[in-house]
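Novice: Dumping the structure here so I can ask a few things about it.
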Amino acid sequence: MRFSKLFAPTLKEDPAEAEIISHKLLVRAGMLRKVASGIYSYLPLGFKVLNKVINIVREEMDKAGAEELLMSALQPAEIWQKSGRWAEYGPEMMRLKDRGNRDFCLGPTHEELITTIVMNEMLSYRQLPVTLYQIQVKFRDEIRPRFGLMRGREFIMKDAYSFDLNEKTLQESYKKMHGAYSRILERCGLEYRAVEAESGLIGGDVSQEFMVLADNGEEAIVYCDKCSYAANREAAKTAKTEGESDDFKLLEEVNTPERKTISEVSEFLRISPKNIVKTLIYQTEYGIKIVLVRGDREVNQEKLNRVIETDKVTLLSNEEFGRYSDLIPGYSGPVGLNNYEIIGDNEILSMRNFVVGANKKNTHFVNVNIERDFKVDKWGDFVFINEGDKCPSCGGILKITRGIEIGHIFQLGDKYSKALNATFLDENGERRFYTIGCYGIGVSRLVQATIEQNHDDKGIIWPIPLAPFKVIVIVLNTKDEEQNTIGENIYNGLLNKDVEVIIDDREESAGKKFADADLIGVPYQIIIGKRTKAGSKVELKTRKDNQKTEIPIEDAVEKVCLLLRAD
RNA sequence: CGGGGCGUGGCUCAGUUUGGUAGAGCACUUGGUUUGGGACCAAGGGGUCGGAGGUUCAAAUCCUCUCGCCCCGACCA
C-alpha cells in the first residue's frame with residue numbers, strides 16, 4: 001500500500017466528541033468516524049485492524065471446536081415473545097415494523113434465534129454437544145452511548161452458543177470457551193483477568209467476565225493479592241465475618257442533635273462507622289423494606305434486587321417519607337419498627353453494641369444488639385466490596401482495579417430451552433431440554449481496548465498481530481530520486497516476502513511523516529533520509545520502545561522479516 | 001428519564017454578556033522555496049452561524065419552540 005493512495009485522514013487535533021485516549025486516537029489516526037451517537041464507520045485502517053481481531057477470534061473458536069454460522073440481524077418478535085424477553089428487554093431493543101405492521105427487532109443478541117434454529121432440527125443426543133458461533137453486528141439502543149466503540153448502539157460481537165446434554169458436559173463446553181477466550185486475549189497482546197460476574201438480564205447461574213485491565217475501564221474489578229479470587233465489584237462477595245464476643249451492654253438512647261449522616265454521627269459519638277448500622281428505607285413492589293448495612297458500606301442495588309426478588313427497588317424519597325409517621329429520615333433504625341420487613345446484610349450478624357437511629361428526631365440508640373433489641377426477617381449479601389476488605393475465599397486482602405469488559409461467558413442451563421421448549425432426544429427416545437451456554441466477545445470493543453492499553457503520547461502502539469501494517473517505509477524527501485529508489489526497493493522486497501508494508505511516498509514534510517507513522521502505530525519504521533546513500537545504511541525504528549538501529553540497505557528486508565518472525 | 005454543557009467553513013475554536021450584516025488556526029487549491037520530528041512565503045476557494053417561528057430599521061447575538069451532540073447517574077459485549 002502507498003500512503004499517497006491510502007484513505008486515512010489523520011488529525012492533528014483531538015476530536016471534541018472523544019473523551020478517552022483510545023477513542024481520540026482511533027479518530028485521529030483516521031480509522032474511525034462517527035455517523036450518529038454510538039454509531040460508527042470504520043475507515044480502511046480501522047477495518048484492517050477489525051479484521052485482524054476477527055481472524056484471531058475465528059481461529060481460536062474453530063480450534064476450540066466451535067462452528068461458525070451467520071444468523072440474521074433482523075429478528076421477528078415472535079421468538080422474543082416466546083422467551084418473554086420482548087417485554088423484558090425494554091427500550092434498549094431497537095424495534096421496527098415491516099410494511100405488514102409485523103413487529104421485528106434488530107438483534108441485541110441471538111439466544112432466541114439460535115435456540116430456535118437448533119430445536120427445529122430435533123437433534124439426537126448422539127449429535128451433542130454442539131457449539132455454534134457467529135461474528136455479527138448487534139444493536140442495543142443504549143441509554144448513553146459512550147467512549148466511541150466501547151459502548152456503541154451498533155457494535156460487532158462474536159457470540160457463541162453451546163448445546164449440551166446436561167450440566168456436566170456444559171461445564172466442559174464452557175471450559176473450552178474459557179480457554180479460547182484466554183488465548184484470544186493473549187494473542188491480542190492484552191493484560192486481562194477472568195472474573196466472577198453477575199449474569200444480569202441474560203440469566204443463568206455461573207458466569208465470568210474477561211476484563212482487559214485499563215484505568216479508564218467502566219468496571220471495577222476486585223482481586224485478591226494472595227489467591228486467584230477475582231470478581232467484578234458488582235458480584236464480589238463479602239468475606240464471612242467472625243462473631244465478636246463482646247458482652248451485650250445496656251441499650252441507651254442518646255441525643256444526637258442535627259446529626260443525620262453516618263459521618264456526622266460517627267464524629268459526634270466518636271465511634272467508627274463500622275460500629276454504626278445504616279438503615280435504608282426502600283420502596284418496592286412488595287411495600288416498604290428496611291435494609292440494614294454496616295455504616296461504612298454502600299448498597300449494591302443489583303445484589304439487593306436478587307435478595308428481594310424484584311428489580312423495582314428505589315430509595316424512599318423525601319416526600320414519600322412524609323406518608324409514614326414512624327419513619328424519620330436521618331434517624332431511622334430497626335428497633336421498634338415492627339410493621340415492615342427488615343433485611344440485614346450478613347456483615348452485621350457479627351456486630352455487637354452498635355449504633356442505630358431511634359426513629360425519633362435528633363436521637364440514636366447505642367449498644368444495640370440483634371435478637372435482643374430487634375429481629376431481622378431476612379439475611380443476605382448486598383454491599384459493595386471496598387479495597388482492603390478480606391478475600392472471601394482465602395482471607396487475603398482485596399485490591400480494586402479497573403477493567404474493560406471484553407468477554408462474558410455464561411452457563412445458562414435450561415432457561416431458554418424451557419422457555420422455547422427446545423428439546424433433543426435422549427438414548428431412550430425421550431425429549432429433554434438442552435443445557436445451554438452462551439459466550440460473547442465485544443469484537444469492536446476489543447479493538448479500542450487494545451489501544452487503551454497500548455499507546456503513548458504520540459499515538460497508538462499496535463501489538464504486532466493487530467497492526468494494520470507491520471512495516472512502514474518512510475521516504476523523507478520524495479523529490480530525492482536516490483531516496484525514492486532505495487525506498488521502493490525495500491518496499492518491493494518486503495512485498496515479495498508477503499510482509500504487510502506501506503510506503504510513505506507523500507510529498508509531505510519529514511515531521512508530518514514521522515508523526516503519522518507514530519500516530520497510526522505501525523510497529524516497524526524504515527527511515528530513508530538524506531543520510532541514506534546508495535550502499536550505506538537505513539534507520540530501523542521500533543515503535544514500541546523507540547529503539548533506532550542502522551542497518552545496511554541490502555539487509556533491511558531480511559532483518560525486518562527476522563524480527564517479525566520472532567514476534 | 002433526571003442533572004450540567006455545547007451546536008459558528010471539513011476539523012479545533014473565538015465572536016453571543018452590551019444586536020450593526022462573520023473571524024482565527026488547522027485542512028484544502030495554485031505557484032514558489034523547503035524536506036531527520038506535525039515547514040515557510042504568496043495567492044485562492046469554501047459558512048442557510050443546527051432548524052422553525054418571533055421581537056427589531058437591523059439577529060450568530062434577544063425571546064419561544066424544536067432537533068442533534070457531549071458530560072455526570074441507573075443498563076451492558
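Residue names in the C-alpha cells use chain letters A, B, ... in the order shown, residue numbers from 1 in each chain, and ligand numbers from 1 in the order shown.
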Quick one: residues within 9 Å of Ser228 (chain A), only C-alpha atoms (C1' of nucleotides), excluding same-chain residues fewer than 4 positions away - as a PDB file with N, CA and C atoms, in the first residue's frame?

Specialist:
```pdb
ATOM      1  N   TYR A 223      -9.753  -8.075  43.182  1.00  0.00           N
ATOM      2  CA  TYR A 223      -8.944  -9.288  43.112  1.00  0.00           C
ATOM      3  C   TYR A 223      -8.140  -9.441  44.385  1.00  0.00           C
ATOM      4  N   CYS A 224      -7.749 -10.690  44.670  1.00  0.00           N
ATOM      5  CA  CYS A 224      -7.052 -10.991  45.907  1.00  0.00           C
ATOM      6  C   CYS A 224      -5.548 -10.972  45.642  1.00  0.00           C
ATOM      7  N   SER A 393     -12.436 -15.971  49.706  1.00  0.00           N
ATOM      8  CA  SER A 393     -12.041 -17.359  49.529  1.00  0.00           C
ATOM      9  C   SER A 393     -10.798 -17.723  50.340  1.00  0.00           C
TER      10      SER A 393
END
```

Novice: Could you list the residues in chain A lying within 8 Å of chain B, using only C-alpha atoms (C1' of nucleotides), and format the result as a PDB file with N, CA and C atoms, in the first residue's frame?

Specialist:
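For reference, iface26.pdb as written:
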```
ATOM      1  N   LEU A  11      -5.662  13.387  11.922  1.00  0.00           N
ATOM      2  CA  LEU A  11      -5.998  14.686  12.510  1.00  0.00           C
ATOM      3  C   LEU A  11      -4.922  15.098  13.507  1.00  0.00           C
ATOM      4  N   LYS A  12      -4.651  16.383  13.484  1.00  0.00           N
ATOM      5  CA  LYS A  12      -3.660  16.893  14.417  1.00  0.00           C
ATOM      6  C   LYS A  12      -4.296  17.146  15.774  1.00  0.00           C
ATOM      7  N   GLU A  13      -5.542  17.560  15.727  1.00  0.00           N
ATOM      8  CA  GLU A  13      -6.209  17.917  16.979  1.00  0.00           C
ATOM      9  C   GLU A  13      -7.156  16.823  17.448  1.00  0.00           C
ATOM     10  N   ASP A  14      -7.339  16.776  18.765  1.00  0.00           N
ATOM     11  CA  ASP A  14      -8.286  15.818  19.319  1.00  0.00           C
ATOM     12  C   ASP A  14      -9.697  16.182  18.896  1.00  0.00           C
ATOM     13  N   PRO A  15     -10.486  15.195  18.496  1.00  0.00           N
ATOM     14  CA  PRO A  15     -11.881  15.473  18.178  1.00  0.00           C
ATOM     15  C   PRO A  15     -12.642  15.840  19.454  1.00  0.00           C
ATOM     16  N   ALA A  16     -13.564  16.774  19.329  1.00  0.00           N
ATOM     17  CA  ALA A  16     -14.300  17.226  20.514  1.00  0.00           C
ATOM     18  C   ALA A  16     -15.189  16.131  21.076  1.00  0.00           C
ATOM     19  N   GLU A  17     -15.622  15.203  20.233  1.00  0.00           N
ATOM     20  CA  GLU A  17     -16.572  14.183  20.665  1.00  0.00           C
ATOM     21  C   GLU A  17     -15.947  13.145  21.592  1.00  0.00           C
ATOM     22  N   SER A  37     -24.794   9.255  17.271  1.00  0.00           N
ATOM     23  CA  SER A  37     -24.398   8.887  18.620  1.00  0.00           C
ATOM     24  C   SER A  37     -24.307   7.367  18.770  1.00  0.00           C
ATOM     25  N   GLU A 142     -28.623   1.904  23.553  1.00  0.00           N
ATOM     26  CA  GLU A 142     -28.087   2.243  24.861  1.00  0.00           C
ATOM     27  C   GLU A 142     -28.634   3.577  25.339  1.00  0.00           C
ATOM     28  N   ILE A 143     -28.869   3.643  26.630  1.00  0.00           N
ATOM     29  CA  ILE A 143     -29.332   4.893  27.216  1.00  0.00           C
ATOM     30  C   ILE A 143     -28.299   5.975  26.968  1.00  0.00           C
ATOM     31  N   MET A 157     -20.032  -8.185  17.554  1.00  0.00           N
ATOM     32  CA  MET A 157     -19.859  -9.118  18.637  1.00  0.00           C
ATOM     33  C   MET A 157     -19.676 -10.508  18.061  1.00  0.00           C
ATOM     34  N   GLU A 405     -14.807  -4.657  30.065  1.00  0.00           N
ATOM     35  CA  GLU A 405     -15.404  -5.972  29.870  1.00  0.00           C
ATOM     36  C   GLU A 405     -15.368  -6.312  28.383  1.00  0.00           C
ATOM     37  N   ILE A 406     -14.567  -7.292  28.050  1.00  0.00           N
ATOM     38  CA  ILE A 406     -14.389  -7.677  26.661  1.00  0.00           C
ATOM     39  C   ILE A 406     -15.156  -8.951  26.332  1.00  0.00           C
ATOM     40  N   GLY A 407     -15.206  -9.835  27.288  1.00  0.00           N
ATOM     41  CA  GLY A 407     -15.912 -11.085  27.045  1.00  0.00           C
ATOM     42  C   GLY A 407     -16.755 -11.445  28.246  1.00  0.00           C
ATOM     43  N   HIS A 408     -17.810 -12.196  27.988  1.00  0.00           N
ATOM     44  CA  HIS A 408     -18.651 -12.653  29.087  1.00  0.00           C
ATOM     45  C   HIS A 408     -19.124 -14.052  28.730  1.00  0.00           C
ATOM     46  N   GLY A 440     -19.872 -14.422  24.784  1.00  0.00           N
ATOM     47  CA  GLY A 440     -19.759 -13.242  23.918  1.00  0.00           C
ATOM     48  C   GLY A 440     -18.397 -12.580  24.009  1.00  0.00           C
ATOM     49  N   ILE A 441     -17.983 -12.032  22.870  1.00  0.00           N
ATOM     50  CA  ILE A 441     -16.808 -11.166  22.869  1.00  0.00           C
ATOM     51  C   ILE A 441     -17.184  -9.895  22.125  1.00  0.00           C
ATOM     52  N   GLY A 442     -16.917  -8.755  22.747  1.00  0.00           N
ATOM     53  CA  GLY A 442     -17.141  -7.492  22.064  1.00  0.00           C
ATOM     54  C   GLY A 442     -15.967  -7.222  21.144  1.00  0.00           C
ATOM     55  N   VAL A 443     -16.153  -7.579  19.871  1.00  0.00           N
ATOM     56  CA  VAL A 443     -15.025  -7.517  18.938  1.00  0.00           C
ATOM     57  C   VAL A 443     -14.610  -6.071  18.678  1.00  0.00           C
ATOM     58  N   ARG A 445     -15.245  -3.544  20.529  1.00  0.00           N
ATOM     59  CA  ARG A 445     -14.742  -3.016  21.792  1.00  0.00           C
ATOM     60  C   ARG A 445     -13.298  -3.454  22.037  1.00  0.00           C
ATOM     61  N   LEU A 476      11.751  10.248   3.333  1.00  0.00           N
ATOM     62  CA  LEU A 476      11.568  11.594   3.893  1.00  0.00           C
ATOM     63  C   LEU A 476      11.442  12.648   2.798  1.00  0.00           C
ATOM     64  N   ASN A 477      12.272  12.564   1.796  1.00  0.00           N
ATOM     65  CA  ASN A 477      12.189  13.540   0.711  1.00  0.00           C
ATOM     66  C   ASN A 477      11.932  12.827  -0.606  1.00  0.00           C
ATOM     67  N   GLU A 508       5.080  15.201   1.716  1.00  0.00           N
ATOM     68  CA  GLU A 508       4.821  15.914   2.961  1.00  0.00           C
ATOM     69  C   GLU A 508       6.158  16.181   3.641  1.00  0.00           C
ATOM     70  N   SER A 509       6.132  17.046   4.618  1.00  0.00           N
ATOM     71  CA  SER A 509       7.370  17.318   5.345  1.00  0.00           C
ATOM     72  C   SER A 509       7.743  16.107   6.193  1.00  0.00           C
ATOM     73  N   ALA A 510       9.017  16.055   6.516  1.00  0.00           N
ATOM     74  CA  ALA A 510       9.515  14.918   7.294  1.00  0.00           C
ATOM     75  C   ALA A 510       8.747  14.768   8.601  1.00  0.00           C
ATOM     76  N   GLY A 511       8.533  15.889   9.266  1.00  0.00           N
ATOM     77  CA  GLY A 511       7.871  15.849  10.565  1.00  0.00           C
ATOM     78  C   GLY A 511       6.489  15.236  10.486  1.00  0.00           C
ATOM     79  N   LYS A 512       5.746  15.596   9.471  1.00  0.00           N
ATOM     80  CA  LYS A 512       4.393  15.074   9.296  1.00  0.00           C
ATOM     81  C   LYS A 512       4.431  13.552   9.095  1.00  0.00           C
ATOM     82  N   PHE A 514       6.777  11.407  10.099  1.00  0.00           N
ATOM     83  CA  PHE A 514       7.104  10.758  11.386  1.00  0.00           C
ATOM     84  C   PHE A 514       5.877  10.723  12.285  1.00  0.00           C
ATOM     85  N   ALA A 515       5.217  11.864  12.369  1.00  0.00           N
ATOM     86  CA  ALA A 515       4.074  11.975  13.272  1.00  0.00           C
ATOM     87  C   ALA A 515       2.975  11.001  12.870  1.00  0.00           C
ATOM     88  N   GLY A 529      16.429   8.904   4.601  1.00  0.00           N
ATOM     89  CA  GLY A 529      16.572  10.351   4.538  1.00  0.00           C
ATOM     90  C   GLY A 529      17.860  10.718   3.836  1.00  0.00           C
ATOM     91  N   LYS A 530      18.286  11.939   4.087  1.00  0.00           N
ATOM     92  CA  LYS A 530      19.457  12.393   3.336  1.00  0.00           C
ATOM     93  C   LYS A 530      20.736  11.706   3.779  1.00  0.00           C
TER      94      LYS A 530
END
```

Novice: With a distance cut-off of 12 Å and only C-alpha atoms (C1' of nucleotides), select the neighbouring residues of region 41-48 of chain B, excluding the residue or stretch itself and same-chain residues fewer than 4 positions from it, and output the selection as a VMD selection string.

Specialist: chain B and resid 8 to 10 22 to 23 27 to 34 60

Novice: To one decimal in Å, tell me the separation between CA of Glu387 (chain A) and CA of Lys399 (chain A).

Specialist: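 Spanning CA of Glu387 (chain A) to CA of Lys399 (chain A) is a straight-line distance of 4.9 Å.
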
Novice: Which parts of region 194-423 of chain A does DSSP call strand (DSSP E) when run on the backbone here, written out as number ranges by chain?

Specialist: A: 194-196, 206-213, 219-224, 230-232, 252-255, 277-284, 287-294, 313-315, 341-345, 354-357, 363-368, 378-380, 398-413, 423

Novice: For the selection you just gave me, I'd like the residues written to a file as a PDB file, in the first residue's frame, keeping C-alpha atoms.

Specialist:
```pdb
ATOM      1  CA  ALA A 194     -11.221 -13.560  34.085  1.00  0.00           C
ATOM      2  CA  VAL A 195     -13.527 -12.542  36.917  1.00  0.00           C
ATOM      3  CA  GLU A 196     -16.701 -13.800  38.560  1.00  0.00           C
ATOM      4  CA  VAL A 206     -22.318 -19.343  36.551  1.00  0.00           C
ATOM      5  CA  SER A 207     -20.751 -16.532  34.608  1.00  0.00           C
ATOM      6  CA  GLN A 208     -17.360 -14.973  34.166  1.00  0.00           C
ATOM      7  CA  GLU A 209     -16.208 -11.804  32.529  1.00  0.00           C
ATOM      8  CA  PHE A 210     -12.955 -11.311  30.696  1.00  0.00           C
ATOM      9  CA  MET A 211     -11.659  -7.935  31.694  1.00  0.00           C
ATOM     10  CA  VAL A 212      -8.901  -6.062  29.948  1.00  0.00           C
ATOM     11  CA  LEU A 213      -7.160  -4.008  32.594  1.00  0.00           C
ATOM     12  CA  GLU A 219     -15.945  -1.721  35.546  1.00  0.00           C
ATOM     13  CA  ALA A 220     -14.280  -2.050  38.906  1.00  0.00           C
ATOM     14  CA  ILE A 221     -12.668  -5.406  39.492  1.00  0.00           C
ATOM     15  CA  VAL A 222     -11.838  -6.861  42.847  1.00  0.00           C
ATOM     16  CA  TYR A 223      -8.944  -9.288  43.112  1.00  0.00           C
ATOM     17  CA  CYS A 224      -7.052 -10.991  45.907  1.00  0.00           C
ATOM     18  CA  ALA A 230     -11.149 -12.137  41.138  1.00  0.00           C
ATOM     19  CA  ALA A 231     -14.612 -10.734  40.637  1.00  0.00           C
ATOM     20  CA  ASN A 232     -16.490  -7.842  39.185  1.00  0.00           C
ATOM     21  CA  GLU A 252     -29.251   3.518  75.707  1.00  0.00           C
ATOM     22  CA  GLU A 253     -30.937   6.412  73.966  1.00  0.00           C
ATOM     23  CA  VAL A 254     -28.595   9.324  73.206  1.00  0.00           C
ATOM     24  CA  ASN A 255     -29.180  12.829  71.963  1.00  0.00           C
ATOM     25  CA  VAL A 277     -25.667   0.277  61.252  1.00  0.00           C
ATOM     26  CA  LYS A 278     -27.011   2.248  58.334  1.00  0.00           C
ATOM     27  CA  THR A 279     -30.764   1.947  57.929  1.00  0.00           C
ATOM     28  CA  LEU A 280     -32.104   2.457  54.434  1.00  0.00           C
ATOM     29  CA  ILE A 281     -35.780   2.602  53.601  1.00  0.00           C
ATOM     30  CA  TYR A 282     -36.658   1.148  50.234  1.00  0.00           C
ATOM     31  CA  GLN A 283     -39.887   1.316  48.310  1.00  0.00           C
ATOM     32  CA  THR A 284     -40.576  -1.922  46.455  1.00  0.00           C
ATOM     33  CA  GLY A 287     -44.124  -2.464  50.042  1.00  0.00           C
ATOM     34  CA  ILE A 288     -41.587  -0.794  52.313  1.00  0.00           C
ATOM     35  CA  LYS A 289     -38.430  -2.718  53.155  1.00  0.00           C
ATOM     36  CA  ILE A 290     -35.966  -1.778  55.861  1.00  0.00           C
ATOM     37  CA  VAL A 291     -32.424  -2.532  54.748  1.00  0.00           C
ATOM     38  CA  LEU A 292     -29.529  -2.645  57.171  1.00  0.00           C
ATOM     39  CA  VAL A 293     -25.862  -2.411  56.246  1.00  0.00           C
ATOM     40  CA  ARG A 294     -22.709  -1.576  58.128  1.00  0.00           C
ATOM     41  CA  VAL A 313     -36.477  -1.116  44.210  1.00  0.00           C
ATOM     42  CA  THR A 314     -35.955   2.561  44.924  1.00  0.00           C
ATOM     43  CA  LEU A 315     -34.867   4.503  47.952  1.00  0.00           C
ATOM     44  CA  GLU A 341     -39.818  -6.482  56.718  1.00  0.00           C
ATOM     45  CA  ILE A 342     -36.252  -5.966  57.900  1.00  0.00           C
ATOM     46  CA  ILE A 343     -33.473  -7.194  55.657  1.00  0.00           C
ATOM     47  CA  GLY A 344     -29.967  -7.352  57.039  1.00  0.00           C
ATOM     48  CA  ASP A 345     -26.624  -7.616  55.314  1.00  0.00           C
ATOM     49  CA  PHE A 354     -23.693  -0.841  67.671  1.00  0.00           C
ATOM     50  CA  VAL A 355     -25.463   2.435  66.938  1.00  0.00           C
ATOM     51  CA  VAL A 356     -28.718   2.918  65.032  1.00  0.00           C
ATOM     52  CA  GLY A 357     -31.295   5.668  64.634  1.00  0.00           C
ATOM     53  CA  THR A 363     -31.928  10.671  68.715  1.00  0.00           C
ATOM     54  CA  HIS A 364     -29.933   7.486  68.257  1.00  0.00           C
ATOM     55  CA  PHE A 365     -29.644   4.242  70.182  1.00  0.00           C
ATOM     56  CA  VAL A 366     -26.253   2.973  71.309  1.00  0.00           C
ATOM     57  CA  ASN A 367     -25.315  -0.553  72.395  1.00  0.00           C
ATOM     58  CA  VAL A 368     -27.894  -2.097  70.134  1.00  0.00           C
ATOM     59  CA  LYS A 378     -34.100 -11.921  56.047  1.00  0.00           C
ATOM     60  CA  TRP A 379     -30.338 -12.025  55.646  1.00  0.00           C
ATOM     61  CA  GLY A 380     -28.299 -11.567  52.507  1.00  0.00           C
ATOM     62  CA  LEU A 398      -8.628  -7.468  48.307  1.00  0.00           C
ATOM     63  CA  LYS A 399      -7.476  -4.864  45.821  1.00  0.00           C
ATOM     64  CA  ILE A 400      -9.517  -2.955  43.293  1.00  0.00           C
ATOM     65  CA  THR A 401      -8.540  -2.111  39.753  1.00  0.00           C
ATOM     66  CA  ARG A 402     -10.455  -1.096  36.682  1.00  0.00           C
ATOM     67  CA  GLY A 403     -11.168  -3.062  33.570  1.00  0.00           C
ATOM     68  CA  ILE A 404     -12.975  -3.113  30.262  1.00  0.00           C
ATOM     69  CA  GLU A 405     -15.404  -5.972  29.870  1.00  0.00           C
ATOM     70  CA  ILE A 406     -14.389  -7.677  26.661  1.00  0.00           C
ATOM     71  CA  GLY A 407     -15.912 -11.085  27.045  1.00  0.00           C
ATOM     72  CA  HIS A 408     -18.651 -12.653  29.087  1.00  0.00           C
ATOM     73  CA  ILE A 409     -19.300 -16.367  29.312  1.00  0.00           C
ATOM     74  CA  PHE A 410     -22.395 -17.893  30.878  1.00  0.00           C
ATOM     75  CA  GLN A 411     -23.650 -21.290  31.879  1.00  0.00           C
ATOM     76  CA  LEU A 412     -27.285 -20.607  31.178  1.00  0.00           C
ATOM     77  CA  GLY A 413     -28.675 -24.029  31.910  1.00  0.00           C
ATOM     78  CA  THR A 423     -35.513 -30.405  23.242  1.00  0.00           C
TER      79      THR A 423
END
```
